[in-house]
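S.K.: Below you'll find target_0.txt; it's compact mmCIF, C-alpha atoms.
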```
# COMPACT_ATOMS: atom_id res chain seq x y z
CA MET A 1 -2.23 -9.55 -95.22
CA MET A 2 -4.54 -9.69 -92.25
CA GLN A 3 -3.12 -10.02 -88.75
CA SER A 4 -5.04 -12.10 -86.24
CA LYS A 5 -5.93 -10.62 -82.87
CA PRO A 6 -4.20 -12.16 -79.88
CA GLN A 7 -6.37 -14.67 -78.13
CA ALA A 8 -7.43 -14.30 -74.54
CA GLY A 9 -4.83 -15.61 -72.11
CA THR A 10 -1.92 -14.84 -74.40
CA THR A 11 0.55 -11.96 -74.01
CA THR A 12 2.12 -9.71 -76.55
CA ASP A 13 5.60 -8.24 -76.63
CA CYS A 14 4.09 -4.94 -75.49
CA ASP A 15 2.45 -6.63 -72.52
CA ASN A 16 5.74 -8.30 -71.59
CA GLU A 17 7.48 -4.93 -71.65
CA ILE A 18 4.77 -3.42 -69.43
CA ASN A 19 4.97 -6.36 -67.02
CA ASN A 20 8.78 -6.17 -66.86
CA SER A 21 8.53 -2.46 -66.23
CA SER A 22 6.07 -3.10 -63.39
CA ILE A 23 8.39 -5.67 -61.80
CA ASP A 24 11.34 -3.27 -62.02
CA THR A 25 9.21 -0.56 -60.40
CA GLU A 26 8.17 -2.92 -57.60
CA GLU A 27 11.78 -3.97 -57.00
CA SER A 28 12.79 -0.31 -56.98
CA ASN A 29 10.02 0.45 -54.51
CA THR A 30 11.14 -2.49 -52.40
CA MET A 31 14.75 -1.22 -52.43
CA ILE A 32 13.63 2.28 -51.46
CA SER A 33 11.49 0.82 -48.73
CA ASP A 34 14.47 -1.14 -47.34
CA GLU A 35 16.66 1.97 -47.45
CA GLU A 36 13.95 3.92 -45.71
CA LYS A 37 13.76 1.23 -43.08
CA LYS A 38 17.50 1.42 -42.55
CA ASP A 39 17.35 5.21 -42.27
CA SER A 40 14.36 4.90 -40.00
CA GLY A 41 16.28 2.48 -37.78
CA SER A 42 19.27 4.83 -37.66
CA TRP A 43 17.09 7.75 -36.73
CA GLU A 44 15.35 5.57 -34.15
CA LYS A 45 18.71 4.81 -32.54
CA ILE A 46 19.63 8.48 -32.54
CA ARG A 47 16.26 9.43 -31.04
CA HIS A 48 16.61 6.74 -28.38
CA SER A 49 20.13 7.96 -27.58
CA ASN A 50 18.87 11.52 -27.28
CA GLU A 51 16.06 10.38 -24.99
CA GLN A 52 18.56 8.58 -22.77
CA SER A 53 20.73 11.69 -22.67
CA ALA A 54 17.71 13.78 -21.77
CA GLU A 55 16.74 11.35 -18.99
CA LYS A 56 20.25 11.40 -17.46
CA PRO A 57 20.09 13.57 -14.34
CA LYS A 58 22.17 16.69 -14.34
CA GLN A 59 25.12 16.92 -11.96
CA GLU A 60 24.12 19.03 -8.97
CA THR A 61 26.56 21.80 -8.14
CA LYS A 62 26.77 23.79 -4.92
CA ILE A 63 28.83 26.70 -3.66
CA VAL A 64 30.04 25.59 -0.23
CA ASP A 65 33.09 25.50 2.01
CA GLY A 66 35.28 22.50 2.83
CA ASN A 67 33.51 21.75 6.11
CA TRP A 68 30.14 21.56 4.36
CA ALA A 69 31.58 19.35 1.61
CA VAL A 70 32.89 16.84 4.15
CA ALA A 71 29.76 16.97 6.31
CA SER A 72 27.52 16.22 3.32
CA ALA A 73 29.38 12.99 2.55
CA SER A 74 29.86 11.76 6.11
CA TYR A 75 26.24 12.50 7.09
CA ARG A 76 24.87 10.27 4.35
CA MET A 77 27.31 7.37 4.84
CA ASN A 78 27.16 6.90 8.62
CA ASP A 79 24.74 5.96 11.40
CA ILE A 80 26.03 8.20 14.18
CA ALA A 81 28.47 11.05 14.83
CA TYR A 82 30.07 12.00 18.14
CA ILE A 83 31.07 15.64 18.21
CA PHE A 84 32.75 18.24 20.37
CA PRO A 85 33.44 21.72 18.99
CA ILE A 86 36.99 22.87 18.34
CA THR A 87 38.10 25.45 15.79
CA PRO A 88 38.25 25.08 12.78
CA SER A 89 36.38 21.73 12.63
CA SER A 90 33.38 22.88 14.68
CA THR A 91 31.39 23.75 11.56
CA MET A 92 31.24 20.09 10.44
CA GLY A 93 29.59 19.07 13.70
CA GLU A 94 27.25 22.05 13.63
CA ILE A 95 26.12 21.27 10.10
CA VAL A 96 25.32 17.57 10.69
CA ASP A 97 23.58 18.46 13.96
CA ALA A 98 21.40 21.02 12.15
CA TRP A 99 20.53 18.54 9.41
CA ALA A 100 19.70 15.79 11.90
CA SER A 101 17.27 18.03 13.78
CA SER A 102 15.62 19.73 10.78
CA GLU A 103 12.01 18.80 10.01
CA ASP A 104 9.42 19.85 7.48
CA LYS A 105 5.93 21.11 8.35
CA ASN A 106 4.69 17.51 8.60
CA GLY A 107 7.32 16.59 11.15
CA GLU A 108 9.35 14.50 8.69
CA LYS A 109 13.12 14.70 8.68
CA LYS A 110 14.42 16.82 5.82
CA VAL A 111 17.89 15.31 5.47
CA LEU A 112 18.36 11.54 5.53
CA ASN A 113 21.29 9.19 5.13
CA LEU A 114 21.52 6.21 2.76
CA TRP A 115 19.34 4.16 5.13
CA ASN A 116 16.58 6.78 4.98
CA GLN A 117 17.23 7.79 8.58
CA GLU A 118 18.61 10.90 10.19
CA LEU A 119 22.19 10.75 11.45
CA LYS A 120 22.28 10.35 15.22
CA VAL A 121 24.42 13.19 16.57
CA CYS A 122 25.74 13.15 20.15
CA GLU A 123 27.70 16.03 21.61
CA MET A 124 30.05 14.76 24.30
CA GLN A 125 31.68 16.55 27.24
CA SER A 126 35.12 16.61 25.58
CA GLU A 127 37.10 15.16 22.68
CA GLY A 128 38.17 12.35 24.99
CA GLY A 129 34.53 11.45 25.52
CA ALA A 130 33.87 11.61 21.78
CA ALA A 131 36.81 9.25 21.18
CA GLY A 132 35.60 6.71 23.74
CA ALA A 133 32.02 6.84 22.46
CA LEU A 134 33.29 6.43 18.88
CA HIS A 135 35.19 3.29 19.87
CA GLY A 136 32.16 1.85 21.64
CA ALA A 137 29.85 2.54 18.69
CA LEU A 138 32.23 0.82 16.27
CA VAL A 139 32.49 -2.25 18.50
CA SER A 140 28.68 -2.41 18.53
CA GLY A 141 28.59 -2.58 14.71
CA SER A 142 27.58 1.00 13.94
CA LEU A 143 29.03 3.16 11.20
CA ALA A 144 30.32 6.07 13.27
CA THR A 145 32.39 9.19 12.61
CA THR A 146 33.66 12.34 14.31
CA TYR A 147 35.25 15.71 13.53
CA THR A 148 38.12 17.32 15.41
CA ALA A 149 41.37 19.30 15.25
CA SER A 150 44.51 20.32 17.14
CA GLN A 151 44.53 19.46 20.87
CA GLY A 152 41.21 17.73 20.37
CA LEU A 153 42.85 15.16 18.12
CA LEU A 154 45.53 14.57 20.77
CA LEU A 155 42.82 13.53 23.23
CA PHE A 156 41.78 10.86 20.72
CA ILE A 157 45.18 9.14 20.71
CA PRO A 158 44.58 6.43 23.38
CA ASN A 159 41.41 5.29 21.62
CA LEU A 160 42.99 5.54 18.16
CA TYR A 161 45.41 2.76 19.10
CA LYS A 162 42.45 0.61 20.16
CA ILE A 163 40.40 1.41 17.04
CA ALA A 164 43.31 0.62 14.71
CA GLY A 165 44.43 -2.43 16.66
CA GLU A 166 40.94 -3.93 16.54
CA LEU A 167 40.58 -3.09 12.83
CA LEU A 168 37.39 -1.09 13.29
CA PRO A 169 36.40 0.79 10.10
CA THR A 170 35.80 4.50 10.59
CA VAL A 171 36.83 7.89 9.19
CA ILE A 172 37.90 10.73 11.48
CA HIS A 173 37.65 14.08 9.70
CA VAL A 174 40.17 16.72 10.77
CA ALA A 175 40.58 20.38 9.87
CA ALA A 176 44.30 20.52 10.63
CA ARG A 177 45.43 23.24 13.02
CA ALA A 178 48.53 24.21 14.97
CA LEU A 179 49.03 22.71 18.42
CA THR A 180 49.18 25.10 21.34
CA GLY A 181 52.81 25.60 22.35
CA GLN A 182 54.20 28.83 23.77
CA ALA A 183 50.81 30.32 22.85
CA LEU A 184 47.46 29.29 21.45
CA SER A 185 47.13 29.50 17.68
CA ILE A 186 44.04 28.77 15.62
CA TYR A 187 45.92 28.91 12.32
CA GLY A 188 46.80 25.92 10.23
CA ASP A 189 49.71 23.59 10.14
CA HIS A 190 49.95 19.79 10.31
CA SER A 191 51.46 19.41 13.76
CA ASP A 192 48.27 17.74 15.02
CA VAL A 193 47.82 15.11 12.29
CA MET A 194 51.54 14.33 12.09
CA LEU A 195 51.50 13.46 15.79
CA VAL A 196 49.09 10.52 15.28
CA ARG A 197 50.99 8.77 12.48
CA SER A 198 52.07 5.94 14.79
CA THR A 199 48.53 5.04 15.88
CA GLY A 200 47.88 2.84 12.82
CA LEU A 201 45.36 5.02 11.01
CA ALA A 202 45.69 5.43 7.26
CA MET A 203 45.93 9.13 6.39
CA VAL A 204 44.52 10.98 3.39
CA SER A 205 44.81 14.73 2.75
CA SER A 206 42.52 16.99 0.70
CA PHE A 207 43.77 20.16 -0.93
CA THR A 208 40.57 21.66 -2.39
CA VAL A 209 36.89 21.82 -1.46
CA GLN A 210 36.02 19.33 -4.22
CA GLU A 211 38.73 16.97 -3.00
CA ALA A 212 37.42 17.26 0.55
CA HIS A 213 33.99 16.09 -0.64
CA ASP A 214 35.35 13.32 -2.85
CA MET A 215 37.94 12.04 -0.36
CA ALA A 216 35.36 11.91 2.42
CA ILE A 217 33.50 9.41 0.22
CA VAL A 218 36.62 7.53 -0.92
CA THR A 219 37.94 7.07 2.62
CA GLN A 220 34.56 5.79 3.84
CA ILE A 221 34.54 3.16 1.10
CA ALA A 222 38.21 2.32 1.68
CA THR A 223 37.85 1.85 5.43
CA LEU A 224 34.91 -0.53 4.98
CA THR A 225 36.75 -2.50 2.31
CA SER A 226 40.08 -2.79 4.13
CA ARG A 227 38.93 -2.54 7.81
CA VAL A 228 41.76 -0.03 8.32
CA PRO A 229 40.52 3.17 10.06
CA PHE A 230 41.23 6.40 8.17
CA LEU A 231 42.11 9.93 9.18
CA HIS A 232 40.96 12.36 6.48
CA PHE A 233 42.35 15.84 6.95
CA MET A 234 42.40 19.19 5.17
CA ASP A 235 44.09 22.48 5.95
CA GLY A 236 42.25 24.36 8.67
CA PHE A 237 40.71 27.59 7.34
CA ARG A 238 42.68 27.39 4.08
CA THR A 239 40.45 24.55 2.87
CA SER A 240 37.90 24.04 5.64
CA HIS A 241 36.58 27.60 5.23
CA GLU A 242 37.33 28.13 1.55
CA ILE A 243 34.13 28.70 -0.42
CA ASN A 244 34.05 27.16 -3.87
CA LYS A 245 31.76 25.43 -6.36
CA ILE A 246 31.70 21.62 -6.21
CA ASP A 247 29.97 18.78 -8.05
CA LEU A 248 27.88 17.10 -5.38
CA VAL A 249 27.83 13.29 -5.44
CA SER A 250 24.18 12.20 -5.40
CA ASP A 251 22.57 9.62 -3.11
CA ASP A 252 22.04 7.27 -6.07
CA ILE A 253 25.74 7.29 -6.92
CA LEU A 254 26.67 6.79 -3.27
CA ARG A 255 24.38 3.75 -3.10
CA GLU A 256 26.16 2.29 -6.13
CA LEU A 257 29.59 2.96 -4.63
CA MET A 258 28.82 1.76 -1.11
CA PRO A 259 30.25 -1.76 -0.42
CA TRP A 260 27.07 -3.12 1.15
CA ASP A 261 28.56 -6.58 1.72
CA LYS A 262 31.34 -5.00 3.81
CA VAL A 263 28.79 -2.99 5.77
CA GLU A 264 26.98 -6.21 6.63
CA GLU A 265 30.25 -7.89 7.62
CA HIS A 266 31.02 -5.01 9.96
CA ARG A 267 27.59 -5.31 11.56
CA GLN A 268 27.99 -9.07 11.98
CA ARG A 269 31.29 -8.55 13.85
CA ALA A 270 29.48 -6.49 16.49
CA LEU A 271 29.52 -7.58 20.13
CA SER A 272 26.37 -9.56 20.69
CA PRO A 273 25.14 -12.22 23.16
CA LEU A 274 23.91 -14.15 20.11
CA HIS A 275 27.50 -14.82 19.02
CA PRO A 276 29.78 -14.04 22.00
CA SER A 277 33.46 -13.31 21.43
CA GLN A 278 36.37 -12.41 23.68
CA ARG A 279 38.13 -9.07 23.22
CA GLY A 280 40.48 -6.81 25.12
CA THR A 281 42.49 -9.59 26.73
CA ALA A 282 46.01 -9.43 28.17
CA GLN A 283 48.58 -11.18 25.95
CA SER A 284 52.17 -12.24 26.50
CA PRO A 285 54.80 -10.61 24.21
CA ASP A 286 55.06 -13.50 21.74
CA VAL A 287 51.31 -13.67 21.11
CA PHE A 288 50.98 -9.87 21.17
CA MET A 289 53.50 -9.43 18.36
CA GLN A 290 51.96 -12.21 16.28
CA MET A 291 48.58 -10.50 16.49
CA ALA A 292 50.12 -7.13 15.63
CA GLU A 293 51.89 -8.59 12.60
CA SER A 294 48.76 -10.42 11.43
CA SER A 295 47.00 -7.07 10.92
CA ASN A 296 49.60 -6.07 8.30
CA THR A 297 47.71 -8.06 5.66
CA HIS A 298 44.90 -5.49 5.91
CA TYR A 299 47.30 -2.60 5.35
CA HIS A 300 48.76 -4.35 2.29
CA SER A 301 45.35 -4.86 0.67
```
Turn the structure described in the file into structure tokens.

M.R.:
Amino acid sequence: MMQSKPQAGTTTDCDNEINNSSIDTEESNTMISDEEKKDSGSWEKIRHSNEQSAEKPKQETKIVDGNWAVASASYRMNDIAYIFPITPSSTMGEIVDAWASSEDKNGEKKVLNLWNQELKVCEMQSEGGAAGALHGALVSGSLATTYTASQGLLLFIPNLYKIAGELLPTVIHVAARALTGQALSIYGDHSDVMLVRSTGLAMVSSFTVQEAHDMAIVTQIATLTSRVPFLHFMDGFRTSHEINKIDLVSDDILRELMPWDKVEEHRQRALSPLHPSQRGTAQSPDVFMQMAESSNTHYHS
């Protein structure tokens, strides 16, 4: 019995099987392609993550002493420093003075603060002069600091009451040292810093070189935020001259941490003929105590 050939345009069972096989292959290829896309996306995320990790700057480490660690932070976060040498805090003043005066071969300053300026450093005739100049700079809206110890800190006391009473933000860095009694001693105890507890300054102590660096930054931020002046101290020689490796906080991180709105508020409170204000008046006891109590809200913040 003769079988007729399939006409054009018609399909046989064999053709259907071939077509079905082709469809299955295409679907399989499509599935593989989707899986490859998923894998490709996963690897893309991993590659992107690795690139971000590679772009992240490495933490800079330095081998320094406590005085250098404090000076590095205070130099970059202030406008001006009033100094007078006294052991063992002299090194802090010497370091910031050297940085402020250092220039490259083109006459550009090598070390700048967060405002891309060199720190203005003024050496006064005594610690009493440094204290008075510090108070004046703060009233004028500057971010000012100083470094002292022992009998030098005692000469600050009259101005410390004024600075705290007027809620002027600043950090005084101290390498704690014994007060001169029956004899002079350059070795460390806390008789100097303990004597200024009643002035109204908040006090923070650093135990290691890394802490000295970190707390110099923390106290600067805290004083701007709260308006309470801070006394940041470390053990003279034991910490101020201890050499150790620290993780240096970069300028970029400092710019992120700096409360710029509080800096602007401090500058706007400066004495100026454009917005005159009355300060340093004589007050009767009832008003005096009310003003003293009103400042407690800043210490509670």

S.K.: Quick one: which segment 148-168 of chain A residues come within 9 Å of segment 185-202 of chain A, and what is the nearest atom pair for each with the distance in Å to one decimal, counting all atoms listed in the file, rows ordered by chain and ascending number, as a tab-separated table?

M.R.:
```
residue	atom	partner	partner_atom	distance
A:Ala149	CA	A:Asp192	CA	7.1
A:Ser150	CA	A:Asp192	CA	5.0
A:Gln151	CA	A:Asp192	CA	7.2
A:Gly152	CA	A:Asp192	CA	8.9
A:Leu153	CA	A:Asp192	CA	6.8
A:Leu154	CA	A:Asp192	CA	7.1
A:Ile157	CA	A:Val196	CA	6.8
A:Pro158	CA	A:Thr199	CA	8.6
A:Leu160	CA	A:Thr199	CA	6.0
A:Tyr161	CA	A:Thr199	CA	5.0
A:Lys162	CA	A:Thr199	CA	8.7
A:Ile163	CA	A:Leu201	CA	8.6
A:Ala164	CA	A:Gly200	CA	5.4
A:Gly165	CA	A:Gly200	CA	7.4
```

S.K.: Give as a list in words every residue, naming chains and numbers as the document does, that has an atom within 10 Å of (36.6, 2.1, 5.3), counting all atoms listed in the file.

M.R.: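 Looking at atoms near the point gives Leu143, Leu167, Leu168, Pro169, Thr170, Val171, Ala202, Ile217, Val218, Thr219, Gln220, Ile221, Ala222, Thr223, Leu224, Thr225, Ser226, Arg227, Val228, Pro229, Phe230, Pro259, Lys262 and Val263 of chain A.
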
S.K.: Please determine, counting all atoms listed in the file, which residue among A:Gly128, A:Asn159, A:Phe237, A:Asp104 has the shortest atom-to-atom distance to Ala178 of chain A.

M.R.: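 Between A:Gly128, A:Asn159, A:Phe237, A:Asp104, the residue approaching Ala178 of chain A most closely is A:Phe237.
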
S.K.: Just how far from atom CA of Cys122 of chain A is atom CA of Tyr82 of chain A, in Å to one decimal?

M.R.: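 If I compute the distance from atom CA of Tyr82 of chain A to atom CA of Cys122 of chain A, I get 4.9 Å.
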
S.K.: Near Ala133 of chain A, within 12 Å and counting all atoms listed in the file, which residues show up once chain neighbours fewer than 5 positions away are dropped, as a list in words?

M.R.: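 Within the cut-off, the hits are Ile80, Ala81, Tyr82, Ile83, Phe84, Val121, Cys122, Glu123, Met124, Gln125, Ser126, Glu127, Gly128, Leu138, Val139, Ser140, Ser142, Ala144, Thr145, Thr146, Phe156, Asn159, Leu160 and Ile163 of chain A.
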